[in-house]
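Coordinates as given in target-v9.cif (mmCIF, C-alpha atoms):
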```cif
data_start
#
loop_
_atom_site.label_atom_id
_atom_site.label_comp_id
_atom_site.auth_asym_id
_atom_site.auth_seq_id
_atom_site.Cartn_x
_atom_site.Cartn_y
_atom_site.Cartn_z
CA MET A 1 0.00 0.00 0.00
CA GLN A 2 1.38 3.38 -0.99
CA SER A 3 0.15 6.97 -0.95
CA MET A 4 0.17 9.07 -4.10
CA ASP A 5 -0.93 12.58 -5.06
CA ILE A 6 -2.37 13.17 -8.53
CA GLU A 7 -2.79 16.74 -9.78
CA THR A 8 -5.64 17.43 -12.18
CA GLY A 9 -7.79 20.45 -13.02
CA GLY A 10 -7.27 22.41 -9.82
CA PHE A 11 -7.39 19.32 -7.58
CA ILE A 12 -4.71 17.38 -5.78
CA LEU A 13 -6.18 13.92 -5.40
CA LYS A 14 -5.06 11.99 -2.33
CA CYS A 15 -4.79 8.36 -3.40
CA GLU A 16 -3.78 5.05 -1.84
CA GLY A 17 -3.05 1.67 -3.38
CA SER A 18 -0.68 0.29 -5.98
CA ASP A 19 0.53 1.77 -9.27
CA SER A 20 -2.33 0.08 -11.14
CA ASP A 21 -5.04 0.06 -8.44
CA LEU A 22 -5.60 3.43 -6.77
CA MET A 23 -8.40 4.59 -4.47
CA ILE A 24 -9.11 8.32 -4.17
CA LYS A 25 -9.35 9.02 -0.43
CA GLY A 26 -9.81 12.79 -0.55
CA TYR A 27 -8.62 15.95 -2.23
CA GLU A 28 -7.14 19.41 -1.85
CA GLY A 29 -7.93 22.40 -4.03
CA ASP A 30 -11.00 24.02 -5.51
CA GLY A 31 -11.23 22.78 -9.09
CA ALA A 32 -14.46 22.91 -11.09
CA ILE A 33 -13.88 19.87 -13.31
CA LEU A 34 -12.72 16.49 -12.06
CA ASP A 35 -11.54 14.76 -15.24
CA ILE A 36 -9.78 11.46 -14.61
CA SER A 37 -11.43 9.72 -17.55
CA SER A 38 -8.11 8.68 -19.08
CA ASP A 39 -6.44 7.53 -15.85
CA ASN A 40 -7.15 3.81 -15.62
CA ARG A 41 -5.00 3.45 -12.54
CA ILE A 42 -7.96 4.75 -10.53
CA THR A 43 -10.39 2.01 -9.58
CA GLY A 44 -12.35 3.56 -6.75
CA ILE A 45 -13.40 6.69 -4.86
CA ASP A 46 -13.72 6.42 -1.11
CA LYS A 47 -16.71 7.22 1.09
CA LYS A 48 -17.37 10.99 1.37
CA ALA A 49 -14.24 11.73 -0.69
CA PHE A 50 -15.77 14.86 -2.29
CA LEU A 51 -18.51 15.52 0.25
CA SER A 52 -19.62 19.20 0.14
CA CYS A 53 -17.10 20.19 -2.54
CA LYS A 54 -18.77 23.46 -3.51
CA SER A 55 -16.48 24.21 -6.47
CA LEU A 56 -17.11 20.94 -8.30
CA LYS A 57 -19.28 21.26 -11.43
CA LYS A 58 -18.48 18.31 -13.70
CA VAL A 59 -17.07 14.81 -13.15
CA PHE A 60 -15.55 12.47 -15.75
CA LEU A 61 -14.59 9.00 -14.54
CA PRO A 62 -12.62 6.20 -16.30
CA ASP A 63 -13.97 2.79 -17.21
CA SER A 64 -11.61 1.30 -14.63
CA ILE A 65 -13.83 2.60 -11.79
CA VAL A 66 -15.47 -0.28 -9.90
CA SER A 67 -16.61 1.48 -6.71
CA ILE A 68 -17.92 4.93 -5.78
CA GLY A 69 -18.31 5.18 -2.02
CA ASP A 70 -21.25 6.27 0.12
CA TRP A 71 -22.03 10.00 -0.10
CA CYS A 72 -18.99 10.44 -2.35
CA PHE A 73 -20.38 13.54 -4.11
CA SER A 74 -23.12 14.35 -1.62
CA ASN A 75 -23.88 18.02 -1.08
CA CYS A 76 -21.81 19.10 -4.08
CA ILE A 77 -24.32 21.86 -4.67
CA ASN A 78 -22.89 23.04 -8.01
CA LEU A 79 -22.39 19.62 -9.58
CA THR A 80 -24.34 19.43 -12.86
CA ASP A 81 -22.98 16.44 -14.78
CA CYS A 82 -21.32 13.10 -14.05
CA THR A 83 -19.97 11.04 -16.96
CA ILE A 84 -18.63 7.50 -16.49
CA ALA A 85 -16.74 5.75 -19.29
CA SER A 86 -17.94 2.28 -18.29
CA LYS A 87 -21.24 0.52 -18.94
CA PRO A 88 -23.95 0.67 -16.23
CA ASP A 89 -23.12 -1.57 -13.29
CA GLY A 90 -25.48 -1.89 -10.35
CA ARG A 91 -22.57 -2.64 -8.00
CA LEU A 92 -20.75 0.61 -8.77
CA PHE A 93 -22.46 3.04 -6.41
CA GLY A 94 -22.68 3.21 -2.65
CA LYS A 95 -25.60 4.90 -0.94
CA GLY A 96 -26.37 8.60 -1.12
CA VAL A 97 -23.65 9.28 -3.69
CA PHE A 98 -25.51 12.28 -5.13
CA ASP A 99 -27.61 13.34 -2.12
CA SER A 100 -28.40 17.08 -2.15
CA CYS A 101 -26.80 17.67 -5.54
CA ASP A 102 -29.71 19.91 -6.46
CA ARG A 103 -28.27 21.11 -9.77
CA LEU A 104 -27.47 17.63 -11.10
CA ARG A 105 -28.74 17.39 -14.70
CA THR A 106 -27.15 14.26 -16.17
CA ILE A 107 -25.57 10.98 -15.12
CA SER A 108 -24.10 9.36 -18.22
CA PHE A 109 -22.58 5.98 -18.91
CA ALA A 110 -20.95 4.69 -22.07
CA GLY A 111 -23.71 4.14 -24.61
CA THR A 112 -26.50 5.99 -22.79
CA ASP A 113 -28.40 8.65 -24.72
CA ILE A 114 -29.34 12.10 -23.43
CA SER A 115 -32.85 11.08 -22.38
CA THR A 116 -31.55 8.24 -20.23
CA SER A 117 -28.86 10.48 -18.74
CA VAL A 118 -31.37 13.22 -17.86
CA LEU A 119 -33.98 10.87 -16.42
CA LEU A 120 -31.34 8.97 -14.47
CA ALA A 121 -30.18 12.17 -12.75
CA ALA A 122 -33.77 13.19 -12.04
CA GLY A 123 -34.59 9.75 -10.70
CA VAL A 124 -31.72 9.89 -8.25
CA ASN A 125 -31.92 13.57 -7.34
CA ARG A 126 -35.58 14.57 -7.64
CA MET A 127 -37.28 11.22 -6.99
CA LYS A 128 -34.77 9.99 -4.39
CA SER A 129 -34.83 6.56 -6.02
CA GLU A 130 -31.34 5.09 -5.94
CA HIS A 131 -32.58 1.75 -7.26
CA LEU A 132 -32.72 3.43 -10.68
CA LEU A 133 -29.00 4.18 -10.42
CA ARG A 134 -28.06 0.67 -9.28
CA ALA A 135 -29.97 -1.12 -12.03
CA GLU A 136 -28.21 -3.26 -14.61
CA ASP A 137 -30.71 -2.36 -17.35
CA ILE A 138 -30.28 1.44 -17.39
CA GLY A 139 -31.60 2.83 -20.69
CA GLU A 140 -33.60 -0.25 -21.61
CA LYS A 141 -37.38 -0.40 -21.84
CA PHE A 142 -37.84 -2.12 -18.48
CA TRP A 143 -35.73 0.58 -16.78
CA TYR A 144 -38.00 3.28 -18.24
CA GLU A 145 -41.00 1.35 -16.95
CA LYS A 146 -39.46 1.29 -13.46
CA TRP A 147 -38.86 5.04 -13.73
CA ASP A 148 -42.54 5.55 -14.60
CA ILE A 149 -43.74 3.32 -11.75
CA THR A 150 -41.65 5.40 -9.35
CA LEU A 151 -43.11 8.61 -10.74
CA MET A 152 -46.68 7.31 -10.45
CA SER A 153 -46.07 6.37 -6.82
CA LEU A 154 -44.73 9.86 -6.16
CA LEU A 155 -47.71 11.54 -7.81
CA LYS A 156 -50.21 9.52 -5.77
CA ALA A 157 -48.68 10.51 -2.43
CA ASP A 158 -49.85 13.57 -0.55
CA ASP A 159 -47.48 16.52 -0.90
CA ALA A 160 -47.13 16.97 2.87
CA GLU A 161 -46.51 13.23 3.28
CA ASN A 162 -43.76 13.40 0.65
CA SER A 163 -42.26 16.33 2.50
CA ILE A 164 -41.97 14.46 5.79
CA SER A 165 -40.74 11.20 4.27
CA THR A 166 -38.04 13.06 2.37
CA ALA A 167 -36.76 14.60 5.59
CA VAL A 168 -36.74 11.49 7.75
CA SER A 169 -34.90 9.43 5.11
CA GLY A 170 -31.96 11.85 4.96
CA GLU A 171 -28.53 11.16 6.36
CA GLU A 172 -26.87 13.10 9.14
CA ASP A 173 -24.78 15.10 6.66
CA ILE A 174 -27.85 16.48 4.89
CA SER A 175 -30.32 18.99 6.25
CA TYR A 176 -33.73 19.68 4.73
CA ASP A 177 -35.70 22.87 4.85
CA GLY A 178 -39.08 22.91 6.50
CA VAL A 179 -39.02 19.93 8.83
CA ALA A 180 -37.43 19.83 12.25
CA MET A 181 -37.38 17.74 15.39
CA VAL A 182 -38.60 19.44 18.55
CA ASP A 183 -38.54 17.56 21.86
CA GLY A 184 -38.37 14.32 19.94
CA GLU A 185 -41.47 14.97 17.84
CA MET A 186 -41.74 15.88 14.18
CA SER A 187 -43.10 19.34 13.44
CA GLY A 188 -45.31 19.87 10.43
CA PRO A 189 -43.76 20.75 7.06
CA THR A 190 -43.84 24.41 6.15
CA GLU A 191 -46.05 25.74 3.36
CA ASN A 192 -42.98 26.56 1.28
CA HIS A 193 -41.62 23.04 1.62
CA VAL A 194 -44.92 21.48 0.60
CA LYS A 195 -44.97 23.83 -2.40
CA ALA A 196 -41.45 22.71 -3.34
CA ILE A 197 -42.52 19.05 -3.22
CA ALA A 198 -45.60 19.78 -5.36
CA LYS A 199 -43.58 21.78 -7.89
CA ASN A 200 -41.06 18.98 -8.11
CA LYS A 201 -43.79 16.51 -9.08
CA SER A 202 -44.97 18.77 -11.89
CA TYR A 203 -41.42 19.34 -13.08
CA LEU A 204 -40.88 15.57 -13.30
CA CYS A 205 -44.06 15.31 -15.37
CA PHE A 206 -42.75 17.91 -17.83
CA LEU A 207 -39.38 16.17 -17.93
CA ARG A 208 -40.92 12.79 -18.74
CA LEU A 209 -43.04 14.24 -21.54
CA LEU A 210 -39.97 15.93 -22.98
CA HIS A 211 -38.02 12.65 -22.84
CA ASP A 212 -40.82 10.26 -23.71
CA GLU A 213 -38.99 7.14 -24.83
CA HIS A 214 -41.00 3.98 -24.01
CA LEU A 215 -43.76 6.10 -22.44
CA SER A 216 -47.04 4.18 -22.53
CA SER A 217 -50.28 5.91 -23.49
CA GLN A 218 -51.72 5.08 -20.06
CA ILE A 219 -48.86 6.71 -18.15
CA ARG A 220 -48.85 9.66 -20.54
CA GLU A 221 -52.54 10.26 -19.83
CA LYS A 222 -51.94 10.25 -16.07
CA ILE A 223 -49.02 12.65 -16.39
CA GLU A 224 -51.03 15.01 -18.56
CA ASP A 225 -53.97 14.86 -16.12
CA HIS A 226 -51.61 15.83 -13.31
CA ILE A 227 -50.41 18.88 -15.25
CA ARG A 228 -53.93 19.93 -16.26
CA SER A 229 -55.21 19.70 -12.69
CA ARG A 230 -52.42 22.05 -11.56
CA SER A 231 -52.44 24.48 -14.47
CA PHE A 232 -52.70 28.27 -14.47
CA GLY A 233 -55.79 29.56 -12.66
CA ARG A 234 -56.34 26.45 -10.54
CA ASP A 235 -56.43 26.65 -6.74
CA LYS A 236 -53.05 24.91 -6.66
CA GLU A 237 -51.36 25.87 -9.90
CA TYR A 238 -48.15 24.00 -9.17
CA ALA A 239 -47.58 22.94 -12.79
CA TRP A 240 -47.63 26.56 -13.91
CA THR A 241 -45.38 27.55 -10.99
CA ALA A 242 -42.91 24.79 -11.85
CA LEU A 243 -42.91 25.96 -15.45
CA LYS A 244 -42.04 29.51 -14.39
CA GLU A 245 -39.59 28.75 -11.62
CA ASP A 246 -37.93 25.42 -12.42
CA CYS A 247 -37.85 25.10 -16.21
CA GLU A 248 -35.42 27.98 -16.73
CA GLY A 249 -37.42 29.59 -19.52
CA ASN A 250 -36.94 26.54 -21.78
CA VAL A 251 -39.57 26.96 -24.49
CA ASP A 252 -39.77 23.18 -25.02
CA TYR A 253 -41.48 22.90 -21.64
CA TYR A 254 -43.88 25.74 -22.47
CA GLU A 255 -44.79 24.01 -25.74
CA ILE A 256 -45.55 20.83 -23.80
CA TYR A 257 -47.70 22.83 -21.37
CA LEU A 258 -49.66 24.45 -24.23
CA SER A 259 -50.23 21.12 -25.98
CA VAL A 260 -51.44 19.45 -22.76
CA VAL A 261 -53.51 22.24 -21.17
CA ARG A 262 -54.71 23.97 -24.37
CA PRO A 263 -55.51 27.32 -22.71
CA ASP A 264 -57.69 29.75 -24.64
CA ARG A 265 -56.51 33.16 -25.77
CA ASP A 266 -57.76 35.04 -22.72
CA VAL A 267 -55.98 32.66 -20.37
CA ILE A 268 -52.78 32.92 -22.41
CA LEU A 269 -52.86 36.71 -22.08
CA LYS A 270 -53.15 36.34 -18.31
CA MET A 271 -50.25 33.86 -18.36
CA ILE A 272 -48.13 36.37 -20.27
CA ASP A 273 -48.88 39.04 -17.70
CA ASP A 274 -48.04 36.63 -14.87
CA LEU A 275 -44.60 35.94 -16.35
CA GLY A 276 -43.57 39.55 -15.81
CA PRO A 277 -40.63 41.17 -17.63
CA SER A 278 -38.40 38.07 -17.66
CA ARG A 279 -38.63 34.84 -19.68
CA VAL A 280 -38.52 36.69 -23.00
CA GLN A 281 -38.50 33.59 -25.20
CA ALA A 282 -41.36 32.02 -23.28
CA LYS A 283 -43.40 35.22 -23.57
CA ALA A 284 -42.71 35.37 -27.30
CA LEU A 285 -44.00 31.79 -27.66
CA LEU A 286 -47.18 32.59 -25.73
CA ILE A 287 -47.75 35.80 -27.67
CA GLY A 288 -47.38 33.88 -30.91
CA LYS A 289 -49.89 31.31 -29.68
CA ALA A 290 -52.36 34.04 -28.72
CA LYS A 291 -51.98 35.67 -32.12
CA ALA A 292 -52.52 32.35 -33.85
CA ASP A 293 -55.76 31.86 -31.94
CA GLU A 294 -57.09 35.26 -32.98
CA HIS A 295 -55.85 38.03 -35.24
CA GLY A 296 -53.39 40.34 -33.54
CA THR A 297 -54.65 43.27 -31.52
CA SER A 298 -52.98 46.45 -30.40
CA ALA A 299 -52.62 44.94 -26.93
CA LEU A 300 -50.65 42.00 -28.29
CA ASP A 301 -48.54 44.31 -30.44
CA GLU A 302 -47.68 46.29 -27.33
CA LEU A 303 -46.64 43.09 -25.57
CA MET A 304 -44.30 42.30 -28.47
CA LEU A 305 -42.53 45.57 -27.73
#
```

Representation of the structure as structure tokens:
Amino acid sequence: MQSMDIETGGFILKCEGSDSDLMIKGYEGDGAILDISSDNRITGIDKKAFLSCKSLKKVFLPDSIVSIGDWCFSNCINLTDCTIASKPDGRLFGKGVFDSCDRLRTISFAGTDISTSVLLAAGVNRMKSEHLLRAEDIGEKFWYEKWDITLMSLLKADDAENSISTAVSGEEDISYDGVAMVDGEMSGPTENHVKAIAKNKSYLCFLRLLHDEHLSSQIREKIEDHIRSRSFGRDKEYAWTALKEDCEGNVDYYEIYLSVVRPDRDVILKMIDDLGPSRVQAKALLIGKAKADEHGTSALDELML
């Protein structure tokens, strides 16, 4: 057993092992990109090795990796993408590897397409379903069906119930807003936390419709019903709120919303007003839809300005 330091991209990786079998035990530095994809000496990353590394944004791992320890990248709040050069292997990951990586967008393996990579990250991060990460059939039809079953279970649960279960399943390193222990008893979730849970459900619905490989007509109908029941003007318009706040102005999501909800021209005008001065591309899409529904008016022309 020997110790070795490897310098890469602003990191000094603290490793132990042999020349051809190294385990990353920790790091020094504040790099943004951990790219060890071409270093096949590295076969593992230890438990909590990069826990709470705030500078880390992207990770590229070699196909020699056979183990990624518990909570390895947990609480890396700026991590967006993890790419692994090997094929999916259910034995690769420990528990909680990506806990509280709220900006995580993709987890990619060799041969996985963008839809699989996006839904895999959402399954782990937004649905808290690590079984999707540990599966051997990632990207295959049965894996998509498991993803959909998990989503359906999430949609059926009460938002407040989801809020509490999310909190009590967390590890000691992770804290969750809105739920706290007082004198040994669980307090109720805050309104904001319940809203966040409800928005997250709607966001996942949009995401699945955008990446709709192997999506059955039955599941599609349930997802669309969920969005319609939480659309603009409803008592709990969480789908509209998720669209505004979580979809980053991506017009693809707005087009999905329009095709599912089919709001009339008057409702679209109210939606445009609710968007405010930001989301320029989204507003342009809605204005175009309103104009298509009825010949342009001076009011719409003013909005275009």

Residues matched by the PyMOL selection byres ((chain A and resi 212) around 12) as a list in words =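 Checked against the file, the PyMOL selection byres ((chain A and resi 212) around 12) matches Ile114, Ser115, Thr116, Val118, Leu119, Lys141, Tyr144, Glu145, Trp147, Asp148, Leu204, Cys205, Phe206, Leu207, Arg208, Leu209, Leu210, His211, Glu213, His214, Leu215, Ser216, Ser217, Ile219, Arg220, Ile223 and Ile256 of chain A.
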
Do you know which residues the PyMOL selection byres ((chain A and resi 88) around 12) returns on this file, as a ChimeraX atom specification? /A:63,65-66,83-87,89-93,107-112,116-117,120,132-140,143

Picked residues, the PyMOL selection byres ((chain A and resi 41-53) around 10), as a ChimeraX atom specification: /A:13-32,36-40,54-57,61-79,92-101,173-174

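Of note, atom CA of Glu245 of chain A and atom CA of Ile149 of chain A are spaced 25.8 Å apart.
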
For segment 4-9 of chain A, what centre and edge lengths in Å (one decimal) does the axis-aligned box get once 6 Å is added on each side of all its listed atoms, as JSON?
```
{"center_x": -3.8, "center_y": 14.8, "center_z": -8.6, "size_x": 20.0, "size_y": 23.4, "size_z": 20.9}
```

Across A:Gln2, A:Gln281, A:Ser231, A:Ser202, the smallest distance to Asp246 of chain A, with all atoms listed in the file counted, is shown by A:Ser202

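For the pair atom CA of Ser3 of chain A and atom CA of Cys82 of chain A, the separation is 25.9 Å.
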
Students should find that atom CA of Asn250 of chain A and atom CA of Ser278 of chain A are spaced 12.3 Å

Of the listed residues A:Gly10, A:Phe232, A:Lys58, A:Tyr253, that which approaches Ile272 of chain A most closely, counting all atoms listed in the file:
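Of the candidates, the smallest distance to Ile272 of chain A is held by A:Phe232.
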